Amino acid sequence: MGIGDLTGDDLVKVLAVLANPHRIRVIGVLSKQRNYVSQLARDLGISRALLQVHLRKLEAVGLVTATLELSEDGKAMKYYEVVPFALNLTPEACAAAAETLAPRDGDGDARKEPRDG
């Protein structure tokens, strides 16, 4: 994934997800090697429940991916790994992304198109 592959709306979502220090730390740990949730939680010093929230957000924007694997003792373990990405955020890249943004209302929310009917 690169910035040129993202629409303006997708770029906003990715940047919003990365604007959290826990998620930056998750990316940092996973950039070294893939890992499963329990070990990641121990490595990061956060609860599994909180980690799951952050992992879901990272996965939703395509920054991490998960695979379910069976351990030797038959226990299902979900492994996460980073999806390679490069975001070269330049004024020109922002200008190109801005041209693909959905129309917004005064609060910055995407405007809903009126329904026919």
# chains A, B, ... in the order shown; residues from 1 in each chain; ligands from 1

$ residues_around --residues "Val53 (chain A)" --least-positions-apart "6" --cutoff "12 Å" --atoms "only C-alpha atoms" --output "MDAnalysis selection string"
chainID A and resid 17 20 22:23 26 37 41 46:47 59:60

$ residues_around --residues "Lys78 (chain A)" --least-positions-apart "5" --cutoff "7 Å" --atoms "only C-alpha atoms" --output "ChimeraX atom specification"
/A:36-37,66-69

$ closest_residue --among "A:Asp43, A:Val61, A:Leu30, A:Leu89" --to "Asp10 (chain A)" --atoms "only C-alpha atoms"
A:Val61

$ closest_residue --among "A:Leu63, A:Arg42, A:Arg104, A:Ala97" --to "Thr7 (chain A)" --atoms "only C-alpha atoms"
A:Ala97

$ select_by_dssp --residues "chain A" --states "strand (DSSP E or B)" --output "count of residues only"
20

$ closest_residue --among "A:Leu70, A:Ser31, A:Glu99, A:Arg48" --to "Pro84 (chain A)" --atoms "only C-alpha atoms"
A:Ser31

$ closest_residue --among "A:Pro21, A:Arg56, A:Ser38, A:Leu6" --to "Ala76 (chain A)" --atoms "only C-alpha atoms"
A:Ser38

$ atom_distance --atom1 "CA of Gln39 (chain A)" --atom2 "CA of Leu15 (chain A)"
26.1 Å
